[in-house]
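Q: My structure file run-v3.cif, mmCIF, C-alpha atoms (C1' of nucleotides), is below:
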```
data_entry
#
loop_
_atom_site.label_atom_id
_atom_site.label_comp_id
_atom_site.auth_asym_id
_atom_site.auth_seq_id
_atom_site.Cartn_x
_atom_site.Cartn_y
_atom_site.Cartn_z
CA MET A 1 20.22 38.96 -2.58
CA LYS A 2 17.58 37.06 -0.67
CA ASP A 3 18.34 33.70 -2.20
CA LEU A 4 19.74 30.95 -0.03
CA ASP A 5 22.07 28.20 -1.01
CA ILE A 6 21.38 24.71 0.15
CA ALA A 7 23.64 24.93 3.18
CA GLU A 8 21.82 27.98 4.44
CA VAL A 9 18.47 26.41 3.92
CA ALA A 10 19.69 23.35 5.74
CA ARG A 11 20.98 25.41 8.60
CA HIS A 12 17.86 27.50 8.97
CA ALA A 13 15.44 24.64 8.59
CA GLY A 14 17.46 22.24 10.65
CA VAL A 15 17.36 19.48 8.07
CA PRO A 16 20.28 17.88 6.24
CA ALA A 17 21.03 19.03 2.72
CA SER A 18 20.37 15.54 1.47
CA THR A 19 16.80 15.83 2.65
CA ILE A 20 16.39 19.07 0.80
CA ARG A 21 17.62 17.52 -2.42
CA PHE A 22 15.37 14.57 -1.80
CA TYR A 23 12.36 16.80 -1.33
CA GLU A 24 13.15 18.69 -4.45
CA GLU A 25 13.45 15.49 -6.39
CA LYS A 26 10.08 14.45 -5.05
CA GLY A 27 8.57 17.70 -6.17
CA LEU A 28 7.81 18.99 -2.70
CA ILE A 29 9.90 22.07 -3.09
CA ARG A 30 11.59 23.81 -5.95
CA SER A 31 14.94 25.49 -6.32
CA ILE A 32 14.81 28.81 -8.02
CA GLY A 33 18.03 28.38 -9.98
CA ARG A 34 21.68 27.56 -9.77
CA ARG A 35 24.92 29.33 -9.22
CA GLY A 36 27.23 27.00 -11.05
CA LEU A 37 26.06 23.63 -9.84
CA ARG A 38 24.69 24.96 -6.61
CA ARG A 39 21.01 25.17 -6.04
CA LEU A 40 19.57 28.46 -5.00
CA PHE A 41 16.35 28.67 -3.08
CA ASP A 42 13.93 31.42 -2.42
CA ALA A 43 13.63 32.23 1.25
CA GLY A 44 10.03 31.04 1.08
CA VAL A 45 11.31 27.50 0.98
CA LEU A 46 11.76 27.74 4.72
CA GLN A 47 8.04 28.14 5.20
CA GLN A 48 7.45 25.21 2.97
CA LEU A 49 9.85 23.04 4.84
CA ALA A 50 8.07 24.02 8.02
CA LEU A 51 4.81 23.03 6.40
CA ILE A 52 6.25 19.71 5.35
CA ALA A 53 7.61 18.97 8.80
CA LEU A 54 4.25 19.88 10.16
CA GLY A 55 2.43 17.61 7.81
CA ARG A 56 4.78 14.75 8.56
CA ALA A 57 4.22 15.24 12.25
CA GLY A 58 0.53 15.06 11.56
CA GLY A 59 0.87 11.69 9.95
CA PHE A 60 0.70 12.71 6.32
CA SER A 61 2.99 10.98 3.88
CA LEU A 62 5.23 13.01 1.62
CA GLU A 63 2.95 12.14 -1.21
CA GLU A 64 -0.11 13.43 0.56
CA ILE A 65 1.72 16.60 1.40
CA ALA A 66 2.81 16.95 -2.18
CA GLN A 67 -0.81 16.74 -3.21
CA MET A 68 -1.89 19.30 -0.67
CA PHE A 69 0.66 21.93 -1.52
CA ALA A 70 2.27 22.76 -4.82
CA PRO A 71 6.07 23.05 -4.84
CA ASP A 72 5.66 26.79 -4.45
CA GLY A 73 3.70 26.36 -1.26
CA GLN A 74 0.25 27.12 -2.58
CA PRO A 75 -2.51 24.80 -1.53
CA ARG A 76 -3.57 22.96 -4.59
CA ILE A 77 -6.43 20.78 -3.67
CA ARG A 78 -10.09 21.60 -3.49
CA ARG A 79 -11.14 23.55 -0.48
CA GLU A 80 -13.45 20.84 0.68
CA ARG A 81 -10.61 18.38 0.51
CA LEU A 82 -8.50 20.67 2.65
CA ALA A 83 -11.32 20.94 5.11
CA ALA A 84 -11.59 17.15 5.15
CA LYS A 85 -7.90 16.90 5.95
CA ALA A 86 -8.45 19.36 8.73
CA ASN A 87 -11.21 17.21 10.13
CA GLU A 88 -9.07 14.14 9.88
CA LEU A 89 -6.39 15.96 11.78
CA ASP A 90 -8.96 16.97 14.30
CA ARG A 91 -9.85 13.37 15.00
CA THR A 92 -6.21 12.48 15.33
CA ILE A 93 -5.74 15.32 17.74
CA ARG A 94 -8.61 14.17 19.89
CA ARG A 95 -7.18 10.69 20.09
CA LEU A 96 -3.78 12.02 20.97
CA ALA A 97 -5.24 14.25 23.61
CA ALA A 98 -6.89 11.20 25.09
CA MET A 99 -3.60 9.39 25.09
CA ARG A 100 -1.84 12.31 26.66
CA ASP A 101 -4.42 12.37 29.41
CA GLY A 102 -4.07 8.65 29.78
CA LEU A 103 -0.32 8.94 30.17
CA ARG A 104 -0.63 11.71 32.66
CA HIS A 105 -3.15 9.69 34.53
CA ALA A 106 -0.93 6.64 34.48
CA ALA A 107 1.85 8.77 35.88
CA ALA A 108 -0.33 9.83 38.77
CA CYS A 109 -2.84 7.08 39.43
CA PRO A 110 -1.92 4.70 42.21
CA ALA A 111 -3.87 1.75 40.78
CA ARG A 112 -1.66 -1.27 40.35
CA SER A 113 -3.35 -2.38 37.18
CA HIS A 114 -4.20 0.48 34.91
CA MET A 115 -6.37 -1.73 32.85
CA GLU A 116 -8.55 -2.00 35.89
CA CYS A 117 -8.66 1.71 36.44
CA PRO A 118 -11.91 2.98 34.98
CA GLN A 119 -10.38 6.28 33.93
CA PHE A 120 -7.58 4.67 32.06
CA VAL A 121 -9.76 2.13 30.37
CA ARG A 122 -12.21 4.80 29.42
CA MET A 123 -9.50 6.78 27.72
CA VAL A 124 -8.17 3.80 25.83
CA ARG A 125 -11.62 3.06 24.56
CA LEU A 126 -12.34 6.63 23.73
CA ALA A 127 -9.08 7.03 21.95
CA GLY A 128 -9.35 3.81 20.09
CA ALA A 129 -12.96 4.28 19.16
CA GLY A 130 -13.65 3.37 15.57
CA ARG A 131 -10.94 1.68 13.59
CA LEU A 132 -7.95 0.97 15.72
CA ALA A 133 -5.75 0.61 12.72
CA ALA A 134 -5.69 4.36 12.46
CA ARG A 135 -2.76 6.26 11.09
CA PRO A 136 0.49 4.53 11.82
CA ALA A 137 3.31 6.65 13.02
CA PRO A 138 6.71 8.18 12.59
CA GLN A 139 10.03 6.80 13.31
CA PRO A 140 12.33 9.49 14.66
CA ARG A 141 15.30 7.81 13.00
CA ALA A 142 18.43 9.85 12.38
CA ARG A 143 17.97 12.67 14.81
CA ALA A 144 18.23 16.10 13.17
CA LYS A 145 21.70 15.57 11.94
CA ARG A 146 22.04 19.05 10.70
CA ALA A 147 23.33 20.02 7.33
CA ARG A 148 25.85 17.44 6.33
CA THR A 149 26.69 16.86 2.72
CA MET B 150 -14.05 -19.29 27.52
CA LYS B 151 -12.84 -15.72 27.22
CA ASP B 152 -9.74 -16.47 25.26
CA LEU B 153 -9.51 -15.38 21.68
CA ASP B 154 -7.66 -17.02 18.86
CA ILE B 155 -5.61 -14.91 16.56
CA ALA B 156 -8.32 -14.61 13.95
CA GLU B 157 -10.75 -13.21 16.47
CA VAL B 158 -8.23 -10.76 17.79
CA ALA B 159 -7.49 -9.72 14.25
CA ARG B 160 -11.13 -9.25 13.51
CA HIS B 161 -11.89 -7.27 16.63
CA ALA B 162 -8.82 -5.11 16.48
CA GLY B 163 -8.97 -4.58 12.75
CA VAL B 164 -5.37 -5.55 12.16
CA PRO B 165 -4.02 -8.45 10.13
CA ALA B 166 -2.95 -11.59 11.96
CA SER B 167 0.56 -11.10 10.65
CA THR B 168 0.76 -7.85 12.56
CA ILE B 169 -0.34 -9.55 15.71
CA ARG B 170 2.36 -12.18 15.37
CA PHE B 171 4.83 -9.46 14.60
CA TYR B 172 3.89 -7.53 17.71
CA GLU B 173 4.17 -10.61 19.82
CA GLU B 174 7.57 -11.34 18.41
CA LYS B 175 8.58 -7.80 19.26
CA GLY B 176 7.38 -8.24 22.80
CA LEU B 177 4.57 -5.73 22.59
CA ILE B 178 1.90 -8.22 23.42
CA ARG B 179 1.84 -11.74 24.74
CA SER B 180 -0.21 -14.78 23.90
CA ILE B 181 -1.57 -16.62 26.85
CA GLY B 182 -1.07 -20.09 25.45
CA ARG B 183 -1.73 -22.35 22.52
CA ARG B 184 -4.38 -24.72 21.36
CA GLY B 185 -2.35 -27.01 19.19
CA LEU B 186 -0.30 -24.56 17.22
CA ARG B 187 -2.76 -21.76 17.56
CA ARG B 188 -2.09 -18.85 19.76
CA LEU B 189 -4.64 -17.93 22.33
CA PHE B 190 -4.93 -14.42 23.64
CA ASP B 191 -6.57 -12.94 26.64
CA ALA B 192 -9.29 -10.47 25.74
CA GLY B 193 -7.18 -7.72 27.29
CA VAL B 194 -4.96 -7.85 24.27
CA LEU B 195 -7.54 -5.76 22.49
CA GLN B 196 -6.93 -2.88 24.85
CA GLN B 197 -3.25 -3.23 24.32
CA LEU B 198 -3.60 -3.19 20.60
CA ALA B 199 -5.67 -0.06 20.96
CA LEU B 200 -2.93 1.43 23.05
CA ILE B 201 -0.34 0.51 20.48
CA ALA B 202 -2.35 2.01 17.65
CA LEU B 203 -2.74 5.09 19.74
CA GLY B 204 0.93 5.37 20.44
CA ARG B 205 1.79 4.88 16.80
CA ALA B 206 -0.65 7.61 15.85
CA GLY B 207 1.11 9.81 18.36
CA GLY B 208 4.40 9.31 16.68
CA PHE B 209 5.93 6.80 19.02
CA SER B 210 7.95 3.96 17.56
CA LEU B 211 7.11 0.39 18.47
CA GLU B 212 10.19 0.35 20.59
CA GLU B 213 9.15 3.37 22.54
CA ILE B 214 5.75 1.88 23.06
CA ALA B 215 7.33 -1.36 24.18
CA GLN B 216 9.26 0.61 26.75
CA MET B 217 6.22 2.45 27.96
CA PHE B 218 4.00 -0.56 28.42
CA ALA B 219 4.89 -4.09 29.40
CA PRO B 220 3.47 -6.88 27.23
CA ASP B 221 0.64 -7.21 29.72
CA GLY B 222 -0.35 -3.60 29.31
CA GLN B 223 1.05 -2.21 32.53
CA PRO B 224 2.99 1.02 32.25
CA ARG B 225 6.53 0.15 33.08
CA ILE B 226 8.58 3.24 33.01
CA ARG B 227 9.14 5.79 35.70
CA ARG B 228 6.27 8.12 36.28
CA GLU B 229 8.32 11.14 35.39
CA ARG B 230 9.22 9.52 32.12
CA LEU B 231 5.55 8.93 31.40
CA ALA B 232 4.82 12.51 32.22
CA ALA B 233 7.59 13.57 29.87
CA LYS B 234 6.01 11.52 27.11
CA ALA B 235 2.74 13.22 27.86
CA ASN B 236 4.39 16.59 27.50
CA GLU B 237 5.98 15.56 24.26
CA LEU B 238 2.59 14.54 23.02
CA ASP B 239 1.24 17.83 24.16
CA ARG B 240 3.69 19.70 22.01
CA THR B 241 2.84 17.51 19.06
CA ILE B 242 -0.81 18.17 19.63
CA ARG B 243 -0.30 21.89 19.66
CA ARG B 244 1.54 21.78 16.39
CA LEU B 245 -1.14 19.65 14.85
CA ALA B 246 -3.82 21.97 16.09
CA ALA B 247 -1.96 24.79 14.43
CA MET B 248 -1.83 22.87 11.22
CA ARG B 249 -5.49 22.01 11.43
CA ASP B 250 -6.29 25.66 11.86
CA GLY B 251 -3.99 26.49 9.01
CA LEU B 252 -5.73 24.02 6.75
CA ARG B 253 -9.13 25.27 7.71
CA HIS B 254 -7.99 28.76 7.11
CA ALA B 255 -6.55 27.86 3.74
CA ALA B 256 -9.88 26.31 2.86
CA ALA B 257 -11.67 29.53 3.66
CA CYS B 258 -9.27 32.39 3.06
CA PRO B 259 -9.63 34.10 -0.29
CA ALA B 260 -6.00 35.24 -0.48
CA ARG B 261 -4.36 34.05 -3.65
CA SER B 262 -1.05 33.42 -2.01
CA HIS B 263 -1.39 31.89 1.38
CA MET B 264 2.18 32.61 2.13
CA GLU B 265 1.21 36.24 1.94
CA CYS B 266 -1.72 35.83 4.26
CA PRO B 267 -0.60 36.95 7.69
CA GLN B 268 -2.81 34.41 9.42
CA PHE B 269 -1.47 31.51 7.47
CA VAL B 270 2.13 32.55 7.85
CA ARG B 271 1.63 33.10 11.52
CA MET B 272 0.35 29.57 11.96
CA VAL B 273 3.20 28.06 9.99
CA ARG B 274 5.66 29.90 12.14
CA LEU B 275 3.87 29.07 15.32
CA ALA B 276 3.59 25.46 14.44
CA GLY B 277 7.13 25.18 13.24
CA ALA B 278 8.55 27.08 16.17
CA GLY B 279 11.68 25.47 17.50
CA ARG B 280 13.21 22.65 15.56
CA LEU B 281 11.39 22.08 12.33
CA ALA B 282 12.80 18.61 12.04
CA ALA B 283 10.37 17.50 14.66
CA ARG B 284 8.94 14.05 14.72
CA PRO B 285 8.72 12.58 11.29
CA ALA B 286 5.53 10.84 10.43
CA PRO B 287 3.63 7.75 9.51
CA GLN B 288 2.99 6.27 6.23
CA PRO B 289 -0.48 4.83 6.01
CA ARG B 290 0.76 2.04 3.77
CA ALA B 291 -1.35 -1.11 3.47
CA ARG B 292 -4.74 0.19 4.45
CA ALA B 293 -6.38 -1.84 7.22
CA LYS B 294 -6.39 -5.02 5.31
CA ARG B 295 -8.25 -6.90 7.94
CA ALA B 296 -7.29 -10.29 9.21
CA ARG B 297 -5.54 -12.08 6.43
CA THR B 298 -3.06 -14.80 7.21
"C1'" DC C 299 46.56 29.11 -13.05
"C1'" DT C 300 45.82 25.81 -9.45
"C1'" DG C 301 43.66 23.59 -5.73
"C1'" DC C 302 40.36 23.22 -2.52
"C1'" DC C 303 36.08 22.15 -0.87
"C1'" DA C 304 31.38 22.56 -0.67
"C1'" DG C 305 28.44 21.39 -3.70
"C1'" DT C 306 26.62 17.94 -7.55
"C1'" DT C 307 24.63 13.20 -9.54
"C1'" DC C 308 23.34 8.46 -9.32
"C1'" DA C 309 23.06 4.17 -7.32
"C1'" DA C 310 22.91 1.61 -3.50
"C1'" DG C 311 22.18 1.09 1.45
"C1'" DT C 312 19.45 1.58 5.95
"C1'" DG C 313 15.88 1.09 9.53
"C1'" DA C 314 11.22 0.74 10.77
"C1'" DA C 315 7.17 -1.68 10.30
"C1'" DC C 316 5.03 -4.84 8.23
"C1'" DT C 317 3.65 -8.38 4.39
"C1'" DT C 318 4.29 -12.36 1.60
"C1'" DG C 319 5.64 -16.98 0.26
"C1'" DA C 320 7.06 -21.63 0.85
"C1'" DG C 321 6.56 -25.49 3.27
"C1'" DG C 322 4.87 -27.65 7.62
"C1'" DT C 323 1.35 -29.03 11.40
"C1'" DC C 324 -2.67 -30.27 13.77
"C1'" DA C 325 -7.50 -30.78 15.32
"C1'" DA C 326 -11.85 -31.36 13.69
"C1'" DG C 327 -15.29 -32.93 10.26
"C1'" DG C 328 -16.77 -36.59 7.17
"C1'" DC D 329 -8.44 -42.79 8.75
"C1'" DC D 330 -7.91 -39.02 5.77
"C1'" DT D 331 -8.57 -34.61 4.01
"C1'" DT D 332 -8.92 -29.84 4.71
"C1'" DG D 333 -8.23 -25.35 6.25
"C1'" DA D 334 -6.64 -22.27 9.47
"C1'" DC D 335 -2.70 -21.37 11.77
"C1'" DC D 336 2.39 -22.11 12.32
"C1'" DT D 337 7.65 -20.75 11.31
"C1'" DC D 338 11.27 -18.58 8.98
"C1'" DA D 339 13.26 -16.09 5.38
"C1'" DA D 340 12.80 -12.85 2.15
"C1'" DG D 341 10.41 -8.97 0.12
"C1'" DT D 342 8.15 -4.20 0.18
"C1'" DT D 343 7.40 0.68 1.15
"C1'" DC D 344 8.68 4.94 3.00
"C1'" DA D 345 11.79 8.33 3.99
"C1'" DC D 346 15.98 9.29 3.91
"C1'" DT D 347 21.33 8.59 4.08
"C1'" DT D 348 25.69 7.28 2.27
"C1'" DG D 349 29.39 6.49 -0.95
"C1'" DA D 350 31.86 7.07 -5.14
"C1'" DA D 351 33.10 9.82 -8.64
"C1'" DC D 352 32.78 14.49 -10.50
"C1'" DT D 353 32.56 19.98 -10.94
"C1'" DG D 354 33.20 24.64 -10.63
"C1'" DG D 355 33.57 29.25 -8.21
"C1'" DC D 356 36.79 31.47 -5.41
"C1'" DA D 357 41.34 32.19 -2.44
"C1'" DG D 358 45.94 32.51 -3.12
#
```
For the structure just supplied, provide its representation as structure tokens.

A:
Amino acid sequence: MKDLDIAEVARHAGVPASTIRFYEEKGLIRSIGRRGLRRLFDAGVLQQLALIALGRAGGFSLEEIAQMFAPDGQPRIRRERLAAKANELDRTIRRLAAMRDGLRHAAACPARSHMECPQFVRMVRLAGAGRLAARPAPQPRARAKRART
Amino acid sequence: MKDLDIAEVARHAGVPASTIRFYEEKGLIRSIGRRGLRRLFDAGVLQQLALIALGRAGGFSLEEIAQMFAPDGQPRIRRERLAAKANELDRTIRRLAAMRDGLRHAAACPARSHMECPQFVRMVRLAGAGRLAARPAPQPRARAKRART
DNA sequence: CTGCCAGTTCAAGTGAACTTGAGGTCAAGG
DNA sequence: CCTTGACCTCAAGTTCACTTGAACTGGCAG
């Protein structure tokens, strides 16, 4: 059958089994049943895990993600709210693009002090426009340890 | 004079003073002296704080940021390394753009099950291409509390 | 039938990034 | 001179997102 046990999910998604259990516990995903003790998941869980990883990369907390998508993967918030999230993401993206350009520039510009380089300064200001205390960020932590139990 | 005390920095940057002290302790920024006990900062620290916020939003840890920029704001890693960071950011940006599009689509698409909507699925796959366990993400936590001591 | 081993639960631990609290200090105003 | 208030230090606490460890279980190979 098409159902996956936790090890397979872990392998395909590239996340440790413990994370999968943790997400289930948090209501982000749902197992479709058990064989003995073992959780069984619908193959769709892989999409959901992708969605979760995506959301995390975008700076959303697990809780926010949980509110955006039901444990079966359906969006569950009002359309306008979704659109708002999209806009938020859009702003983040613009700031990141500015930073990327800034980094590239820093890697190429010969100026000794980048803070004195008009291009660089312009990008910092552009990127930081508005509240600087924007979304914090990720910590890579335990690097994709891969399916351990 | 142009120097700012910690409260002014906090106010301008929109971060609590405790964060500023914390960043200094971590070597991300540097105070230029003291008046009595009070730290004094050069105005340039505001740019640096912007840079830090930016980096955090881009998924870099404080340590990574510390390695990218010296406490005076100068980039301090090899140019190729900077360029690599820029590329990394670029990949993140692409994934986020995919998610943004996915969200917008979800907000507009009439399909009952988005996982059955070819567009949506395509974006999830596109975005999640490669390792799904990409960069984790931020937790907004204490929302811009503004300059408390 | 017997073990094995990958899975299970539950509680506790970890690391990052801050925040908070207790107790201290100093420069400026009255 | 004395109070006051903003800032100081240092240790401990908090939140998030997981991970780890100890003790247990049950389907399947032999």

Q: I'd like to see the residues matched by the PyMOL selection byres ((chain C) within 10 of (chain B)) on this file, and ideally I'd get them as a ChimeraX atom specification.

A: /C:314-318,323-325

Q: As a compact mmCIF listing (two decimals) with C-alpha atoms, keeping the file's coordinate frame, please: chain B after a least-squares superposition onto chain A using all C-alpha atoms matched in order.

A:
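selection11.txt was written with the following content:
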```
# COMPACT_ATOMS: atom_id res chain seq x y z
CA MET B 150 20.43 38.94 -2.34
CA LYS B 151 17.68 37.02 -0.60
CA ASP B 152 18.42 33.70 -2.14
CA LEU B 153 19.79 30.94 0.00
CA ASP B 154 22.11 28.16 -0.99
CA ILE B 155 21.37 24.68 0.15
CA ALA B 156 23.65 24.86 3.15
CA GLU B 157 21.88 27.91 4.46
CA VAL B 158 18.49 26.37 3.95
CA ALA B 159 19.71 23.29 5.73
CA ARG B 160 21.01 25.31 8.59
CA HIS B 161 17.91 27.42 9.00
CA ALA B 162 15.46 24.59 8.60
CA GLY B 163 17.45 22.15 10.67
CA VAL B 164 17.34 19.40 8.08
CA PRO B 165 20.23 17.80 6.23
CA ALA B 166 20.99 18.97 2.71
CA SER B 167 20.31 15.48 1.45
CA THR B 168 16.74 15.80 2.63
CA ILE B 169 16.36 19.05 0.81
CA ARG B 170 17.57 17.51 -2.43
CA PHE B 171 15.31 14.58 -1.82
CA TYR B 172 12.30 16.83 -1.33
CA GLU B 173 13.10 18.74 -4.45
CA GLU B 174 13.40 15.54 -6.40
CA LYS B 175 10.01 14.52 -5.06
CA GLY B 176 8.52 17.80 -6.16
CA LEU B 177 7.77 19.09 -2.69
CA ILE B 178 9.90 22.14 -3.05
CA ARG B 179 11.61 23.89 -5.91
CA SER B 180 14.97 25.54 -6.28
CA ILE B 181 14.89 28.89 -7.95
CA GLY B 182 18.08 28.44 -9.93
CA ARG B 183 21.72 27.55 -9.73
CA ARG B 184 25.00 29.27 -9.16
CA GLY B 185 27.32 26.94 -10.96
CA LEU B 186 26.13 23.60 -9.75
CA ARG B 187 24.71 24.92 -6.54
CA ARG B 188 21.05 25.17 -6.00
CA LEU B 189 19.63 28.46 -4.95
CA PHE B 190 16.41 28.69 -3.04
CA ASP B 191 14.02 31.47 -2.37
CA ALA B 192 13.70 32.25 1.32
CA GLY B 193 10.09 31.08 1.16
CA VAL B 194 11.33 27.55 1.03
CA LEU B 195 11.78 27.74 4.77
CA GLN B 196 8.06 28.15 5.26
CA GLN B 197 7.45 25.24 3.00
CA LEU B 198 9.84 23.06 4.86
CA ALA B 199 8.05 24.04 8.04
CA LEU B 200 4.81 23.07 6.42
CA ILE B 201 6.22 19.75 5.35
CA ALA B 202 7.55 19.00 8.81
CA LEU B 203 4.18 19.90 10.16
CA GLY B 204 2.36 17.65 7.79
CA ARG B 205 4.69 14.78 8.52
CA ALA B 206 4.12 15.26 12.23
CA GLY B 207 0.42 15.10 11.50
CA GLY B 208 0.75 11.76 9.89
CA PHE B 209 0.60 12.78 6.28
CA SER B 210 2.88 11.06 3.81
CA LEU B 211 5.13 13.11 1.58
CA GLU B 212 2.85 12.28 -1.27
CA GLU B 213 -0.18 13.58 0.51
CA ILE B 214 1.66 16.72 1.39
CA ALA B 215 2.77 17.09 -2.20
CA GLN B 216 -0.86 16.90 -3.21
CA MET B 217 -1.94 19.44 -0.66
CA PHE B 218 0.65 22.06 -1.48
CA ALA B 219 2.27 22.90 -4.78
CA PRO B 220 6.07 23.18 -4.80
CA ASP B 221 5.68 26.91 -4.36
CA GLY B 222 3.68 26.50 -1.20
CA GLN B 223 0.23 27.25 -2.55
CA PRO B 224 -2.53 24.90 -1.49
CA ARG B 225 -3.57 23.10 -4.60
CA ILE B 226 -6.40 20.84 -3.80
CA ARG B 227 -10.07 21.58 -3.64
CA ARG B 228 -11.16 23.47 -0.59
CA GLU B 229 -13.43 20.69 0.52
CA ARG B 230 -10.54 18.30 0.33
CA LEU B 231 -8.48 20.61 2.51
CA ALA B 232 -11.31 20.82 4.96
CA ALA B 233 -11.51 17.04 4.98
CA LYS B 234 -7.82 16.87 5.80
CA ALA B 235 -8.44 19.30 8.60
CA ASN B 236 -11.15 17.08 9.96
CA GLU B 237 -8.92 14.07 9.72
CA LEU B 238 -6.33 15.94 11.67
CA ASP B 239 -8.95 16.87 14.17
CA ARG B 240 -9.74 13.26 14.84
CA THR B 241 -6.07 12.47 15.20
CA ILE B 242 -5.71 15.31 17.63
CA ARG B 243 -8.55 14.08 19.75
CA ARG B 244 -7.04 10.65 19.98
CA LEU B 245 -3.70 12.08 20.89
CA ALA B 246 -5.25 14.26 23.52
CA ALA B 247 -6.84 11.17 24.96
CA MET B 248 -3.52 9.44 25.02
CA ARG B 249 -1.85 12.42 26.61
CA ASP B 250 -4.46 12.40 29.31
CA GLY B 251 -4.03 8.69 29.69
CA LEU B 252 -0.30 9.06 30.12
CA ARG B 253 -0.69 11.84 32.61
CA HIS B 254 -3.18 9.79 34.47
CA ALA B 255 -0.91 6.77 34.46
CA ALA B 256 1.82 8.97 35.87
CA ALA B 257 -0.39 10.01 38.74
CA CYS B 258 -2.84 7.20 39.41
CA PRO B 259 -1.87 4.87 42.22
CA ALA B 260 -3.74 1.86 40.82
CA ARG B 261 -1.46 -1.10 40.42
CA SER B 262 -3.10 -2.26 37.25
CA HIS B 263 -4.00 0.56 34.98
CA MET B 264 -6.14 -1.70 32.93
CA GLU B 265 -8.30 -1.99 36.00
CA CYS B 266 -8.49 1.73 36.52
CA PRO B 267 -11.78 2.89 35.07
CA GLN B 268 -10.33 6.22 34.00
CA PHE B 269 -7.48 4.67 32.12
CA VAL B 270 -9.63 2.08 30.43
CA ARG B 271 -12.13 4.70 29.49
CA MET B 272 -9.47 6.75 27.77
CA VAL B 273 -8.09 3.78 25.88
CA ARG B 274 -11.54 2.97 24.65
CA LEU B 275 -12.34 6.53 23.81
CA ALA B 276 -9.13 7.02 21.99
CA GLY B 277 -9.33 3.76 20.16
CA ALA B 278 -12.96 4.19 19.26
CA GLY B 279 -13.66 3.19 15.70
CA ARG B 280 -10.93 1.50 13.75
CA LEU B 281 -7.93 0.84 15.90
CA ALA B 282 -5.73 0.46 12.88
CA ALA B 283 -5.78 4.19 12.50
CA ARG B 284 -2.89 6.08 11.08
CA PRO B 285 0.36 4.36 11.74
CA ALA B 286 3.17 6.51 12.93
CA PRO B 287 6.57 8.01 12.46
CA GLN B 288 9.86 6.69 13.32
CA PRO B 289 12.16 9.39 14.59
CA ARG B 290 15.13 7.71 12.97
CA ALA B 291 18.25 9.78 12.33
CA ARG B 292 17.82 12.55 14.84
CA ALA B 293 18.08 16.02 13.30
CA LYS B 294 21.54 15.55 12.04
CA ARG B 295 21.85 19.05 10.80
CA ALA B 296 23.17 20.00 7.43
CA ARG B 297 25.61 17.35 6.39
CA THR B 298 26.26 16.73 2.74
```

Q: Suppose a student applies the PyMOL selection byres ((chain C and resi 311) around 10) to this structure; what residues should they get, written as a PyMOL selection string?

A: (chain C and resi 309-310+312) or (chain D and resi 347-349)

Q: Pick from C:DG321, C:DG305, C:DG313, C:DC299: nearest to Arg39 in chain A, with all atoms listed in the file counted?

A: C:DG305

Q: Taking into account only C-alpha atoms, which residue in the set B:Ala247, B:Ala233, B:Ile201, B:Ala206 is nearest to Arg274 in chain B?

A: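 Once distances to Arg274 in chain B are computed over only C-alpha atoms, the minimum belongs to B:Ala247.
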
Q: Can you pull out every residue within 12 Å of Arg76 in chain A, counting only C-alpha atoms (C1' of nucleotides), but drop anything in the same chain fewer than 3 positions away, and send it as a PDB file with C-alpha atoms, keeping the file's coordinate frame?

A:
```pdb
ATOM      1  CA  GLU A  64      -0.110  13.430   0.560  1.00  0.00           C
ATOM      2  CA  ILE A  65       1.720  16.600   1.400  1.00  0.00           C
ATOM      3  CA  ALA A  66       2.810  16.950  -2.180  1.00  0.00           C
ATOM      4  CA  GLN A  67      -0.810  16.740  -3.210  1.00  0.00           C
ATOM      5  CA  MET A  68      -1.890  19.300  -0.670  1.00  0.00           C
ATOM      6  CA  PHE A  69       0.660  21.930  -1.520  1.00  0.00           C
ATOM      7  CA  ALA A  70       2.270  22.760  -4.820  1.00  0.00           C
ATOM      8  CA  PRO A  71       6.070  23.050  -4.840  1.00  0.00           C
ATOM      9  CA  ASP A  72       5.660  26.790  -4.450  1.00  0.00           C
ATOM     10  CA  GLY A  73       3.700  26.360  -1.260  1.00  0.00           C
ATOM     11  CA  ARG A  79     -11.140  23.550  -0.480  1.00  0.00           C
ATOM     12  CA  GLU A  80     -13.450  20.840   0.680  1.00  0.00           C
ATOM     13  CA  ARG A  81     -10.610  18.380   0.510  1.00  0.00           C
ATOM     14  CA  LEU A  82      -8.500  20.670   2.650  1.00  0.00           C
TER      15      LEU A  82
ATOM     16  CA  LEU B 252      -5.730  24.020   6.750  1.00  0.00           C
ATOM     17  CA  ALA B 255      -6.550  27.860   3.740  1.00  0.00           C
ATOM     18  CA  ALA B 256      -9.880  26.310   2.860  1.00  0.00           C
ATOM     19  CA  ARG B 261      -4.360  34.050  -3.650  1.00  0.00           C
ATOM     20  CA  SER B 262      -1.050  33.420  -2.010  1.00  0.00           C
ATOM     21  CA  HIS B 263      -1.390  31.890   1.380  1.00  0.00           C
TER      22      HIS B 263
END
```

Q: Which residues would end up in the selection if the PyMOL selection byres ((chain C and resi 328) around 12) were applied here, given that I need the answer as a list in words?

A: DA326 and DG327 of chain C; DC329, DC330, DT331 and DT332 of chain D

Q: What is the CA of Leu153 in chain B to CA of Glu174 in chain B distance in Å?

A: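 Rounded to one decimal, the two atoms are 17.9 Å apart.
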
Q: With only C-alpha atoms as the basis for distance, which of B:Gly182, B:Pro267, B:Gly163, B:Pro259 is at the shortest distance from chain A?

A: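 Answer, going by the shortest atom-to-atom distance: B:Gly163.
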
Q: Using CA of Arg95 in chain A and CA of Leu49 in chain A as the two end points, give the distance in Å to one decimal.

A: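 Computing it gives 26.0 Å between the two atoms.
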
Q: Do me a favour and pick out the residues of chain D within 7 Å of chain B, using all atoms listed in the file, as a list in words.

A: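 Matching residues, ligands excluded from the count: DC335, DC336 and DC344 of chain D.
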